[in-house]
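The file target_8.cif contains mmCIF, N, CA and C atoms:
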data_start
#
loop_
_atom_site.label_atom_id
_atom_site.label_comp_id
_atom_site.auth_asym_id
_atom_site.auth_seq_id
_atom_site.Cartn_x
_atom_site.Cartn_y
_atom_site.Cartn_z
N MET D 109 -0.47 -2.13 -2.08
CA MET D 109 -0.24 -2.95 -0.91
C MET D 109 0.00 -2.04 0.29
N ASN D 110 -0.38 -2.55 1.45
CA ASN D 110 -0.17 -1.79 2.66
C ASN D 110 0.98 -2.40 3.44
N GLN D 111 1.09 -2.00 4.72
CA GLN D 111 2.19 -2.50 5.54
C GLN D 111 2.17 -4.02 5.63
N GLY D 112 3.34 -4.61 5.67
CA GLY D 112 3.45 -6.05 5.80
C GLY D 112 3.13 -6.80 4.52
N ASN D 113 3.05 -6.10 3.42
CA ASN D 113 2.75 -6.70 2.11
C ASN D 113 1.46 -7.51 2.10
N VAL D 114 0.49 -7.09 2.91
CA VAL D 114 -0.83 -7.71 2.90
C VAL D 114 -1.67 -6.94 1.90
N PRO D 115 -2.35 -7.62 0.98
CA PRO D 115 -3.14 -6.89 -0.01
C PRO D 115 -4.19 -6.02 0.66
N SER D 116 -4.34 -4.79 0.15
CA SER D 116 -5.34 -3.89 0.68
C SER D 116 -6.72 -4.30 0.20
N GLU D 117 -7.75 -3.70 0.77
CA GLU D 117 -9.12 -4.01 0.36
C GLU D 117 -9.33 -3.67 -1.11
N THR D 118 -8.72 -2.56 -1.60
CA THR D 118 -8.93 -2.19 -3.00
C THR D 118 -8.28 -3.18 -3.94
N SER D 119 -7.11 -3.73 -3.57
CA SER D 119 -6.49 -4.71 -4.47
C SER D 119 -7.27 -6.01 -4.46
N LYS D 120 -7.87 -6.37 -3.31
CA LYS D 120 -8.70 -7.57 -3.26
C LYS D 120 -9.91 -7.40 -4.16
N LYS D 121 -10.52 -6.22 -4.13
CA LYS D 121 -11.70 -5.96 -4.95
C LYS D 121 -11.35 -6.04 -6.43
N SER D 122 -10.21 -5.48 -6.81
CA SER D 122 -9.88 -5.49 -8.23
C SER D 122 -9.59 -6.90 -8.73
N ILE D 123 -9.03 -7.74 -7.89
CA ILE D 123 -8.76 -9.12 -8.29
C ILE D 123 -10.06 -9.89 -8.44
N THR D 124 -10.97 -9.73 -7.49
CA THR D 124 -12.22 -10.48 -7.56
C THR D 124 -13.17 -9.91 -8.60
N SER D 125 -12.99 -8.66 -8.98
CA SER D 125 -13.91 -8.05 -9.94
C SER D 125 -13.59 -8.42 -11.38
N ILE D 126 -12.49 -9.11 -11.62
CA ILE D 126 -12.16 -9.47 -13.01
C ILE D 126 -12.94 -10.67 -13.49
N GLY D 127 -13.68 -11.32 -12.61
CA GLY D 127 -14.52 -12.43 -13.03
C GLY D 127 -13.98 -13.75 -12.52
N SER D 128 -14.82 -14.78 -12.67
CA SER D 128 -14.40 -16.08 -12.17
C SER D 128 -14.45 -17.17 -13.24
N SER D 129 -15.25 -16.98 -14.25
CA SER D 129 -15.30 -18.00 -15.30
C SER D 129 -14.10 -17.81 -16.22
N PRO D 130 -13.69 -18.88 -16.89
CA PRO D 130 -12.55 -18.75 -17.82
C PRO D 130 -12.79 -17.67 -18.88
N GLU D 131 -14.02 -17.55 -19.36
CA GLU D 131 -14.33 -16.54 -20.38
C GLU D 131 -14.17 -15.13 -19.82
N GLU D 132 -14.66 -14.93 -18.59
CA GLU D 132 -14.53 -13.61 -17.96
C GLU D 132 -13.07 -13.26 -17.71
N LEU D 133 -12.32 -14.24 -17.24
CA LEU D 133 -10.90 -14.01 -16.99
C LEU D 133 -10.16 -13.66 -18.28
N LEU D 134 -10.48 -14.40 -19.34
CA LEU D 134 -9.84 -14.14 -20.63
C LEU D 134 -10.22 -12.76 -21.15
N ASN D 135 -11.49 -12.40 -21.03
CA ASN D 135 -11.93 -11.07 -21.47
C ASN D 135 -11.26 -9.96 -20.69
N SER D 136 -11.13 -10.15 -19.37
CA SER D 136 -10.47 -9.15 -18.54
C SER D 136 -9.01 -8.99 -18.93
N LEU D 137 -8.35 -10.10 -19.17
CA LEU D 137 -6.95 -10.04 -19.59
C LEU D 137 -6.82 -9.36 -20.94
N SER D 138 -7.70 -9.69 -21.85
CA SER D 138 -7.68 -9.10 -23.19
C SER D 138 -7.92 -7.59 -23.12
N GLU D 139 -8.91 -7.18 -22.33
CA GLU D 139 -9.19 -5.74 -22.18
C GLU D 139 -8.00 -5.01 -21.57
N SER D 140 -7.38 -5.64 -20.60
CA SER D 140 -6.22 -5.04 -19.96
C SER D 140 -5.06 -4.90 -20.94
N GLY D 141 -4.87 -5.92 -21.78
CA GLY D 141 -3.81 -5.86 -22.79
C GLY D 141 -4.08 -4.79 -23.82
N CYS D 142 -5.34 -4.64 -24.23
CA CYS D 142 -5.69 -3.59 -25.20
C CYS D 142 -5.50 -2.21 -24.60
N ASP D 143 -5.86 -2.05 -23.33
CA ASP D 143 -5.66 -0.77 -22.65
C ASP D 143 -4.18 -0.42 -22.61
N TRP D 144 -3.34 -1.40 -22.30
CA TRP D 144 -1.90 -1.19 -22.27
C TRP D 144 -1.41 -0.79 -23.67
N ALA D 145 -1.86 -1.50 -24.70
CA ALA D 145 -1.42 -1.20 -26.06
C ALA D 145 -1.82 0.22 -26.47
N ASP D 146 -3.04 0.62 -26.14
CA ASP D 146 -3.49 1.98 -26.48
C ASP D 146 -2.66 3.04 -25.77
N LYS D 147 -2.41 2.83 -24.48
CA LYS D 147 -1.64 3.81 -23.72
C LYS D 147 -0.18 3.85 -24.16
N CYS D 148 0.35 2.71 -24.54
CA CYS D 148 1.72 2.65 -25.03
C CYS D 148 1.83 3.38 -26.37
N ALA D 149 0.84 3.20 -27.23
CA ALA D 149 0.84 3.88 -28.53
C ALA D 149 0.76 5.39 -28.35
N ALA D 150 -0.06 5.84 -27.40
CA ALA D 150 -0.17 7.28 -27.13
C ALA D 150 1.17 7.84 -26.64
N ALA D 151 1.82 7.11 -25.76
CA ALA D 151 3.12 7.55 -25.24
C ALA D 151 4.16 7.55 -26.35
N ASP D 152 4.15 6.51 -27.18
CA ASP D 152 5.10 6.44 -28.29
C ASP D 152 4.94 7.61 -29.25
N LEU D 153 3.68 7.97 -29.54
CA LEU D 153 3.42 9.08 -30.44
C LEU D 153 4.01 10.38 -29.90
N LEU D 154 3.80 10.64 -28.62
CA LEU D 154 4.36 11.85 -28.03
C LEU D 154 5.88 11.83 -28.05
N GLU D 155 6.47 10.67 -27.80
CA GLU D 155 7.93 10.57 -27.83
C GLU D 155 8.47 10.78 -29.24
N GLU D 156 7.76 10.25 -30.22
CA GLU D 156 8.21 10.38 -31.62
C GLU D 156 8.09 11.81 -32.13
N THR D 157 7.17 12.59 -31.60
CA THR D 157 6.98 13.96 -32.08
C THR D 157 7.81 14.98 -31.31
N LYS D 158 8.56 14.53 -30.34
CA LYS D 158 9.37 15.44 -29.53
C LYS D 158 10.38 16.21 -30.38
N LYS D 159 11.11 15.52 -31.22
CA LYS D 159 12.12 16.18 -32.06
C LYS D 159 11.48 17.08 -33.11
N SER D 160 10.35 16.65 -33.64
CA SER D 160 9.65 17.47 -34.63
C SER D 160 9.19 18.79 -34.02
N LEU D 161 8.66 18.71 -32.82
CA LEU D 161 8.22 19.93 -32.14
C LEU D 161 9.41 20.83 -31.85
N LEU D 162 10.50 20.25 -31.39
CA LEU D 162 11.70 21.05 -31.13
C LEU D 162 12.18 21.73 -32.41
N ALA D 163 12.19 21.01 -33.52
CA ALA D 163 12.61 21.60 -34.80
C ALA D 163 11.67 22.72 -35.21
N GLN D 164 10.38 22.50 -35.07
CA GLN D 164 9.39 23.51 -35.44
C GLN D 164 9.58 24.79 -34.62
N LEU D 165 9.75 24.62 -33.32
CA LEU D 165 9.94 25.78 -32.44
C LEU D 165 11.27 26.48 -32.74
N THR D 166 12.30 25.71 -33.02
CA THR D 166 13.60 26.29 -33.35
C THR D 166 13.49 27.15 -34.61
N VAL D 167 12.81 26.67 -35.62
CA VAL D 167 12.62 27.43 -36.86
C VAL D 167 11.86 28.73 -36.57
N GLU D 168 10.83 28.64 -35.74
CA GLU D 168 10.08 29.84 -35.39
C GLU D 168 10.98 30.88 -34.72
N PHE D 169 11.84 30.44 -33.82
CA PHE D 169 12.74 31.38 -33.14
C PHE D 169 13.85 31.87 -34.07
N LEU D 170 14.25 31.05 -35.03
CA LEU D 170 15.25 31.48 -36.01
C LEU D 170 14.71 32.62 -36.87
N ARG D 171 13.44 32.58 -37.19
CA ARG D 171 12.82 33.63 -38.00
C ARG D 171 12.84 34.98 -37.29
N GLN D 172 12.92 34.94 -35.96
CA GLN D 172 12.97 36.18 -35.19
C GLN D 172 14.38 36.76 -35.15
N GLY D 173 15.34 36.01 -35.69
CA GLY D 173 16.72 36.46 -35.73
C GLY D 173 17.56 35.76 -34.67
N GLY D 174 18.85 35.75 -34.89
CA GLY D 174 19.77 35.13 -33.95
C GLY D 174 20.37 33.86 -34.52
N THR D 175 21.18 33.22 -33.72
CA THR D 175 21.86 32.02 -34.16
C THR D 175 20.99 30.79 -33.96
N LYS D 176 21.40 29.71 -34.61
CA LYS D 176 20.65 28.45 -34.48
C LYS D 176 20.70 27.95 -33.04
N SER D 177 21.86 28.02 -32.41
CA SER D 177 21.96 27.53 -31.03
C SER D 177 21.12 28.37 -30.07
N ALA D 178 21.04 29.67 -30.31
CA ALA D 178 20.20 30.53 -29.46
C ALA D 178 18.72 30.20 -29.69
N ALA D 179 18.34 29.96 -30.95
CA ALA D 179 16.96 29.60 -31.26
C ALA D 179 16.59 28.26 -30.64
N GLU D 180 17.52 27.32 -30.67
CA GLU D 180 17.25 26.00 -30.07
C GLU D 180 17.13 26.12 -28.55
N ALA D 181 17.98 26.96 -27.95
CA ALA D 181 17.90 27.15 -26.50
C ALA D 181 16.55 27.76 -26.12
N LYS D 182 16.07 28.71 -26.91
CA LYS D 182 14.76 29.31 -26.66
C LYS D 182 13.66 28.26 -26.84
N ALA D 183 13.80 27.42 -27.84
CA ALA D 183 12.80 26.38 -28.09
C ALA D 183 12.74 25.40 -26.92
N LEU D 184 13.91 25.01 -26.42
CA LEU D 184 13.95 24.08 -25.29
C LEU D 184 13.33 24.69 -24.03
N ALA D 185 13.43 26.02 -23.90
CA ALA D 185 12.89 26.71 -22.73
C ALA D 185 11.43 27.12 -22.92
N CYS D 186 10.92 26.94 -24.12
CA CYS D 186 9.56 27.37 -24.47
C CYS D 186 8.52 26.56 -23.69
N LYS D 187 7.46 27.23 -23.25
CA LYS D 187 6.39 26.56 -22.50
C LYS D 187 5.76 25.44 -23.30
N GLU D 188 5.57 25.64 -24.58
CA GLU D 188 4.96 24.61 -25.42
C GLU D 188 5.79 23.32 -25.41
N TYR D 189 7.11 23.46 -25.47
CA TYR D 189 7.99 22.29 -25.46
C TYR D 189 7.96 21.62 -24.08
N LYS D 190 8.01 22.43 -23.03
CA LYS D 190 7.96 21.87 -21.67
C LYS D 190 6.64 21.13 -21.44
N ASP D 191 5.54 21.72 -21.91
CA ASP D 191 4.24 21.05 -21.77
C ASP D 191 4.22 19.72 -22.50
N HIS D 192 4.83 19.69 -23.68
CA HIS D 192 4.91 18.44 -24.45
C HIS D 192 5.67 17.38 -23.66
N LEU D 193 6.77 17.79 -23.05
CA LEU D 193 7.57 16.83 -22.26
C LEU D 193 6.77 16.29 -21.07
N VAL D 194 6.01 17.16 -20.42
CA VAL D 194 5.19 16.72 -19.29
C VAL D 194 4.13 15.72 -19.77
N LYS D 195 3.47 16.03 -20.87
CA LYS D 195 2.47 15.11 -21.43
C LYS D 195 3.12 13.77 -21.79
N MET D 196 4.31 13.85 -22.37
CA MET D 196 5.02 12.65 -22.79
C MET D 196 5.34 11.76 -21.60
N VAL D 197 5.86 12.35 -20.55
CA VAL D 197 6.22 11.59 -19.35
C VAL D 197 4.98 11.01 -18.68
N ASN D 198 3.92 11.81 -18.60
CA ASN D 198 2.67 11.32 -17.99
C ASN D 198 2.06 10.19 -18.80
N ALA D 199 2.12 10.29 -20.13
CA ALA D 199 1.59 9.22 -20.98
C ALA D 199 2.39 7.93 -20.79
N ARG D 200 3.70 8.03 -20.68
CA ARG D 200 4.52 6.84 -20.45
C ARG D 200 4.23 6.24 -19.08
N LYS D 201 4.01 7.10 -18.09
CA LYS D 201 3.67 6.63 -16.75
C LYS D 201 2.35 5.84 -16.79
N GLU D 202 1.35 6.36 -17.48
CA GLU D 202 0.07 5.65 -17.59
C GLU D 202 0.24 4.33 -18.36
N ALA D 203 1.06 4.34 -19.38
CA ALA D 203 1.32 3.10 -20.13
C ALA D 203 2.01 2.08 -19.23
N ASN D 204 2.94 2.53 -18.41
CA ASN D 204 3.63 1.62 -17.49
C ASN D 204 2.67 1.04 -16.46
N LYS D 205 1.76 1.88 -15.96
CA LYS D 205 0.76 1.38 -15.01
C LYS D 205 -0.14 0.34 -15.67
N ALA D 206 -0.52 0.60 -16.91
CA ALA D 206 -1.36 -0.36 -17.64
C ALA D 206 -0.61 -1.68 -17.84
N ARG D 207 0.68 -1.60 -18.08
CA ARG D 207 1.50 -2.81 -18.24
C ARG D 207 1.56 -3.59 -16.94
N VAL D 208 1.71 -2.88 -15.82
CA VAL D 208 1.73 -3.54 -14.52
C VAL D 208 0.40 -4.26 -14.28
N LYS D 209 -0.70 -3.62 -14.61
CA LYS D 209 -2.02 -4.25 -14.43
C LYS D 209 -2.12 -5.50 -15.29
N TYR D 210 -1.70 -5.40 -16.55
CA TYR D 210 -1.75 -6.54 -17.46
C TYR D 210 -0.89 -7.69 -16.93
N ASP D 211 0.34 -7.39 -16.54
CA ASP D 211 1.24 -8.43 -16.03
C ASP D 211 0.70 -9.03 -14.73
N SER D 212 0.10 -8.19 -13.88
CA SER D 212 -0.47 -8.69 -12.63
C SER D 212 -1.62 -9.65 -12.91
N MET D 213 -2.43 -9.33 -13.90
CA MET D 213 -3.54 -10.21 -14.26
C MET D 213 -3.02 -11.55 -14.78
N LYS D 214 -1.93 -11.51 -15.54
CA LYS D 214 -1.34 -12.77 -16.03
C LYS D 214 -0.86 -13.61 -14.85
N VAL D 215 -0.22 -12.99 -13.88
CA VAL D 215 0.26 -13.71 -12.70
C VAL D 215 -0.92 -14.29 -11.94
N TYR D 216 -1.97 -13.49 -11.79
CA TYR D 216 -3.16 -13.97 -11.09
C TYR D 216 -3.75 -15.19 -11.80
N LEU D 217 -3.84 -15.13 -13.12
CA LEU D 217 -4.37 -16.27 -13.87
C LEU D 217 -3.50 -17.50 -13.70
N ASN D 218 -2.19 -17.33 -13.66
CA ASN D 218 -1.29 -18.47 -13.43
C ASN D 218 -1.48 -19.03 -12.02
N MET D 219 -1.73 -18.15 -11.05
CA MET D 219 -1.98 -18.61 -9.68
C MET D 219 -3.28 -19.40 -9.62
N VAL D 220 -4.31 -18.94 -10.32
CA VAL D 220 -5.59 -19.66 -10.35
C VAL D 220 -5.39 -21.04 -10.99
N ARG D 221 -4.64 -21.06 -12.09
CA ARG D 221 -4.39 -22.33 -12.78
C ARG D 221 -3.65 -23.31 -11.85
N THR D 222 -2.64 -22.83 -11.14
CA THR D 222 -1.89 -23.68 -10.22
C THR D 222 -2.78 -24.17 -9.09
N TYR D 223 -3.60 -23.27 -8.55
CA TYR D 223 -4.52 -23.65 -7.48
C TYR D 223 -5.48 -24.74 -7.96
N GLU D 224 -6.04 -24.56 -9.14
CA GLU D 224 -6.99 -25.54 -9.67
C GLU D 224 -6.31 -26.89 -9.93
N ALA D 225 -5.08 -26.86 -10.42
CA ALA D 225 -4.34 -28.11 -10.65
C ALA D 225 -4.08 -28.81 -9.32
N SER D 226 -3.72 -28.04 -8.31
CA SER D 226 -3.48 -28.64 -6.99
C SER D 226 -4.75 -29.25 -6.41
N ARG D 227 -5.87 -28.56 -6.63
CA ARG D 227 -7.16 -29.10 -6.17
C ARG D 227 -7.49 -30.41 -6.85
N ARG D 228 -7.23 -30.51 -8.14
CA ARG D 228 -7.51 -31.76 -8.85
C ARG D 228 -6.65 -32.89 -8.32
N VAL D 229 -5.39 -32.63 -8.03
CA VAL D 229 -4.51 -33.64 -7.47
C VAL D 229 -5.01 -34.07 -6.09
N GLU D 230 -5.43 -33.11 -5.27
CA GLU D 230 -5.97 -33.45 -3.95
C GLU D 230 -7.20 -34.34 -4.07
N MET D 231 -8.06 -34.04 -5.03
CA MET D 231 -9.28 -34.82 -5.22
C MET D 231 -8.94 -36.27 -5.60
N GLN D 232 -7.88 -36.45 -6.36
CA GLN D 232 -7.49 -37.81 -6.77
C GLN D 232 -6.93 -38.58 -5.59
N MET D 233 -6.35 -37.89 -4.61
CA MET D 233 -5.77 -38.54 -3.45
C MET D 233 -6.84 -39.05 -2.51
N LEU D 234 -8.00 -38.43 -2.55
CA LEU D 234 -9.08 -38.84 -1.62
C LEU D 234 -9.73 -40.09 -2.02
#

For this file, write the structure as structure tokens.
Amino acid sequence: MNQGNVPSETSKKSITSIGSSPEELLNSLSESGCDWADKCAAADLLEETKKSLLAQLTVEFLRQGGTKSAAEAKALACKEYKDHLVKMVNARKEANKARVKYDSMKVYLNMVRTYEASRRVEMQML
């Protein structure tokens, strides 16, 4: 959205590009939901492997000698662990964006349904 909460040209295009027939709208919503599910699963996988990676790196540093706490501190500071965290955060961000798109499409479909119901009522009044 731009200033004044007026939809930008790109948001107008994305709304109109999802289709107009009920089948197209349903397919667009379904695709959006699947995209969200895939991105959420990818983010979940990275989050679930965070502790495993930390343990693996800690063991590697323990083999080099030193205390467990020193090995864990080295593992936390390790580039491989930091890269994993960045990937994890970026994957969650993409999953959140996909969720916003999915929820926005649901709202749009509800708005279309309300508009169509109002049109039918207006037609009966004439």

With the file shown as input, list the residues that the PyMOL selection byres (((chain D and resi 145 and name CA) around 12) and name CA) selects, as a PyMOL selection string. chain D and resi 138-144+146-152+199-200+202-207+210

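Atom CA of D:Glu132 is found 15.8 Å from atom CA of D:Ser212.
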
What separation in Å, quoted to one decimal, exists between atom CA of D:Pro130 and atom C of D:Lys201?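 So the answer is 28.8 Å.
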
How close does each residue of stretch 177-231 of chain D get to stretch 166-173 of chain D, giving the shortest atom pair and distance in Å to one decimal for every residue with an atom at most 8 Å away, counting all atoms listed in the file, sorted by chain and residue number, as a Markdown table?
| residue | atom | partner | partner_atom | distance |
| --- | --- | --- | --- | --- |
| D:Ala178 | C | D:Phe169 | C | 6.8 |
| D:Ala179 | C | D:Thr166 | CA | 4.5 |
| D:Glu180 | N | D:Thr166 | CA | 4.9 |
| D:Ala181 | N | D:Thr166 | CA | 7.0 |
| D:Lys182 | C | D:Thr166 | CA | 6.8 |
| D:Ala183 | CA | D:Thr166 | N | 5.0 |
| D:Leu184 | N | D:Thr166 | N | 6.8 |

Write out, as a compact mmCIF listing (two decimals), in the coordinates of the input, the residues just selected, with N, CA and C atoms.
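Resulting contents of out_31.txt:
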# COMPACT_ATOMS: atom_id res chain seq x y z
N ALA D 178 21.04 29.67 -30.31
CA ALA D 178 20.20 30.53 -29.46
C ALA D 178 18.72 30.20 -29.69
N ALA D 179 18.34 29.96 -30.95
CA ALA D 179 16.96 29.60 -31.26
C ALA D 179 16.59 28.26 -30.64
N GLU D 180 17.52 27.32 -30.67
CA GLU D 180 17.25 26.00 -30.07
C GLU D 180 17.13 26.12 -28.55
N ALA D 181 17.98 26.96 -27.95
CA ALA D 181 17.90 27.15 -26.50
C ALA D 181 16.55 27.76 -26.12
N LYS D 182 16.07 28.71 -26.91
CA LYS D 182 14.76 29.31 -26.66
C LYS D 182 13.66 28.26 -26.84
N ALA D 183 13.80 27.42 -27.84
CA ALA D 183 12.80 26.38 -28.09
C ALA D 183 12.74 25.40 -26.92
N LEU D 184 13.91 25.01 -26.42
CA LEU D 184 13.95 24.08 -25.29
C LEU D 184 13.33 24.69 -24.03

Name the residues of chain D that come out as alpha helix (DSSP H) in a backbone DSSP run; write them as an MDAnalysis selection string. chainID D and resid 117:124 130:156 158:171 176:185 187:233

Quick one, how far is atom N of D:Asp211 from atom CA of D:Glu230? 29.6 Å

Could you complete stretch 186-196 of chain D so that it carries all heavy atoms, and give it back as a PDB file, keeping the file's coordinate frame?
ATOM      1  N   CYS D 186      10.920  26.940 -24.120  1.00  0.00           N
ATOM      2  CA  CYS D 186       9.560  27.370 -24.470  1.00  0.00           C
ATOM      3  C   CYS D 186       8.520  26.560 -23.690  1.00  0.00           C
ATOM      4  O   CYS D 186       8.652  25.351 -23.493  1.00  0.00           O
ATOM      5  CB  CYS D 186       9.371  27.185 -25.970  1.00  0.00           C
ATOM      6  SG  CYS D 186       7.761  27.626 -26.569  1.00  0.00           S
ATOM      7  N   LYS D 187       7.460  27.230 -23.250  1.00  0.00           N
ATOM      8  CA  LYS D 187       6.390  26.560 -22.500  1.00  0.00           C
ATOM      9  C   LYS D 187       5.760  25.440 -23.300  1.00  0.00           C
ATOM     10  O   LYS D 187       5.470  24.370 -22.755  1.00  0.00           O
ATOM     11  CB  LYS D 187       5.319  27.583 -22.096  1.00  0.00           C
ATOM     12  CG  LYS D 187       4.192  26.958 -21.278  1.00  0.00           C
ATOM     13  CD  LYS D 187       3.185  27.998 -20.854  1.00  0.00           C
ATOM     14  CE  LYS D 187       2.038  27.479 -20.046  1.00  0.00           C
ATOM     15  NZ  LYS D 187       1.699  26.105 -20.026  1.00  0.00           N
ATOM     16  N   GLU D 188       5.570  25.640 -24.580  1.00  0.00           N
ATOM     17  CA  GLU D 188       4.960  24.610 -25.420  1.00  0.00           C
ATOM     18  C   GLU D 188       5.790  23.320 -25.410  1.00  0.00           C
ATOM     19  O   GLU D 188       5.254  22.219 -25.328  1.00  0.00           O
ATOM     20  CB  GLU D 188       4.806  25.129 -26.852  1.00  0.00           C
ATOM     21  CG  GLU D 188       4.074  24.190 -27.778  1.00  0.00           C
ATOM     22  CD  GLU D 188       3.903  24.745 -29.183  1.00  0.00           C
ATOM     23  OE1 GLU D 188       4.233  25.916 -29.436  1.00  0.00           O
ATOM     24  OE2 GLU D 188       3.434  23.972 -30.041  1.00  0.00           O
ATOM     25  N   TYR D 189       7.110  23.460 -25.470  1.00  0.00           N
ATOM     26  CA  TYR D 189       7.990  22.290 -25.460  1.00  0.00           C
ATOM     27  C   TYR D 189       7.960  21.620 -24.080  1.00  0.00           C
ATOM     28  O   TYR D 189       7.872  20.395 -23.972  1.00  0.00           O
ATOM     29  CB  TYR D 189       9.411  22.694 -25.841  1.00  0.00           C
ATOM     30  CG  TYR D 189      10.328  21.510 -26.024  1.00  0.00           C
ATOM     31  CD1 TYR D 189      10.205  20.690 -27.142  1.00  0.00           C
ATOM     32  CD2 TYR D 189      11.306  21.196 -25.090  1.00  0.00           C
ATOM     33  CE1 TYR D 189      11.030  19.587 -27.326  1.00  0.00           C
ATOM     34  CE2 TYR D 189      12.140  20.102 -25.263  1.00  0.00           C
ATOM     35  CZ  TYR D 189      11.995  19.303 -26.368  1.00  0.00           C
ATOM     36  OH  TYR D 189      12.819  18.206 -26.551  1.00  0.00           O
ATOM     37  N   LYS D 190       8.010  22.430 -23.030  1.00  0.00           N
ATOM     38  CA  LYS D 190       7.960  21.870 -21.670  1.00  0.00           C
ATOM     39  C   LYS D 190       6.640  21.130 -21.440  1.00  0.00           C
ATOM     40  O   LYS D 190       6.631  20.042 -20.849  1.00  0.00           O
ATOM     41  CB  LYS D 190       8.136  22.966 -20.632  1.00  0.00           C
ATOM     42  CG  LYS D 190       9.539  23.541 -20.562  1.00  0.00           C
ATOM     43  CD  LYS D 190       9.596  24.652 -19.532  1.00  0.00           C
ATOM     44  CE  LYS D 190      10.953  25.312 -19.489  1.00  0.00           C
ATOM     45  NZ  LYS D 190      10.999  26.432 -18.529  1.00  0.00           N
ATOM     46  N   ASP D 191       5.540  21.720 -21.910  1.00  0.00           N
ATOM     47  CA  ASP D 191       4.240  21.050 -21.770  1.00  0.00           C
ATOM     48  C   ASP D 191       4.220  19.720 -22.500  1.00  0.00           C
ATOM     49  O   ASP D 191       3.655  18.740 -22.018  1.00  0.00           O
ATOM     50  CB  ASP D 191       3.118  21.954 -22.300  1.00  0.00           C
ATOM     51  CG  ASP D 191       2.855  23.163 -21.416  1.00  0.00           C
ATOM     52  OD1 ASP D 191       3.335  23.185 -20.261  1.00  0.00           O
ATOM     53  OD2 ASP D 191       2.170  24.095 -21.888  1.00  0.00           O
ATOM     54  N   HIS D 192       4.830  19.690 -23.680  1.00  0.00           N
ATOM     55  CA  HIS D 192       4.910  18.440 -24.450  1.00  0.00           C
ATOM     56  C   HIS D 192       5.670  17.380 -23.660  1.00  0.00           C
ATOM     57  O   HIS D 192       5.259  16.213 -23.625  1.00  0.00           O
ATOM     58  CB  HIS D 192       5.572  18.696 -25.807  1.00  0.00           C
ATOM     59  CG  HIS D 192       5.617  17.494 -26.684  1.00  0.00           C
ATOM     60  ND1 HIS D 192       4.565  17.114 -27.470  1.00  0.00           N
ATOM     61  CD2 HIS D 192       6.594  16.562 -26.873  1.00  0.00           C
ATOM     62  CE1 HIS D 192       4.879  16.008 -28.122  1.00  0.00           C
ATOM     63  NE2 HIS D 192       6.102  15.646 -27.783  1.00  0.00           N
ATOM     64  N   LEU D 193       6.770  17.790 -23.050  1.00  0.00           N
ATOM     65  CA  LEU D 193       7.570  16.830 -22.260  1.00  0.00           C
ATOM     66  C   LEU D 193       6.770  16.290 -21.070  1.00  0.00           C
ATOM     67  O   LEU D 193       6.823  15.089 -20.777  1.00  0.00           O
ATOM     68  CB  LEU D 193       8.856  17.490 -21.759  1.00  0.00           C
ATOM     69  CG  LEU D 193       9.890  17.857 -22.819  1.00  0.00           C
ATOM     70  CD1 LEU D 193      11.095  18.533 -22.161  1.00  0.00           C
ATOM     71  CD2 LEU D 193      10.323  16.652 -23.623  1.00  0.00           C
ATOM     72  N   VAL D 194       6.010  17.160 -20.420  1.00  0.00           N
ATOM     73  CA  VAL D 194       5.190  16.720 -19.290  1.00  0.00           C
ATOM     74  C   VAL D 194       4.130  15.720 -19.770  1.00  0.00           C
ATOM     75  O   VAL D 194       3.931  14.668 -19.144  1.00  0.00           O
ATOM     76  CB  VAL D 194       4.541  17.931 -18.573  1.00  0.00           C
ATOM     77  CG1 VAL D 194       3.485  17.484 -17.580  1.00  0.00           C
ATOM     78  CG2 VAL D 194       5.603  18.767 -17.875  1.00  0.00           C
ATOM     79  N   LYS D 195       3.470  16.030 -20.870  1.00  0.00           N
ATOM     80  CA  LYS D 195       2.470  15.110 -21.430  1.00  0.00           C
ATOM     81  C   LYS D 195       3.120  13.770 -21.790  1.00  0.00           C
ATOM     82  O   LYS D 195       2.539  12.712 -21.579  1.00  0.00           O
ATOM     83  CB  LYS D 195       1.819  15.710 -22.680  1.00  0.00           C
ATOM     84  CG  LYS D 195       0.859  16.824 -22.401  1.00  0.00           C
ATOM     85  CD  LYS D 195       0.301  17.360 -23.714  1.00  0.00           C
ATOM     86  CE  LYS D 195      -0.464  18.636 -23.519  1.00  0.00           C
ATOM     87  NZ  LYS D 195      -0.886  19.242 -24.791  1.00  0.00           N
ATOM     88  N   MET D 196       4.310  13.850 -22.370  1.00  0.00           N
ATOM     89  CA  MET D 196       5.020  12.650 -22.790  1.00  0.00           C
ATOM     90  C   MET D 196       5.340  11.760 -21.600  1.00  0.00           C
ATOM     91  O   MET D 196       5.100  10.547 -21.619  1.00  0.00           O
ATOM     92  CB  MET D 196       6.303  13.067 -23.523  1.00  0.00           C
ATOM     93  CG  MET D 196       7.096  11.944 -24.129  1.00  0.00           C
ATOM     94  SD  MET D 196       8.569  12.561 -24.976  1.00  0.00           S
ATOM     95  CE  MET D 196       9.618  12.925 -23.586  1.00  0.00           C
TER      96      MET D 196
END
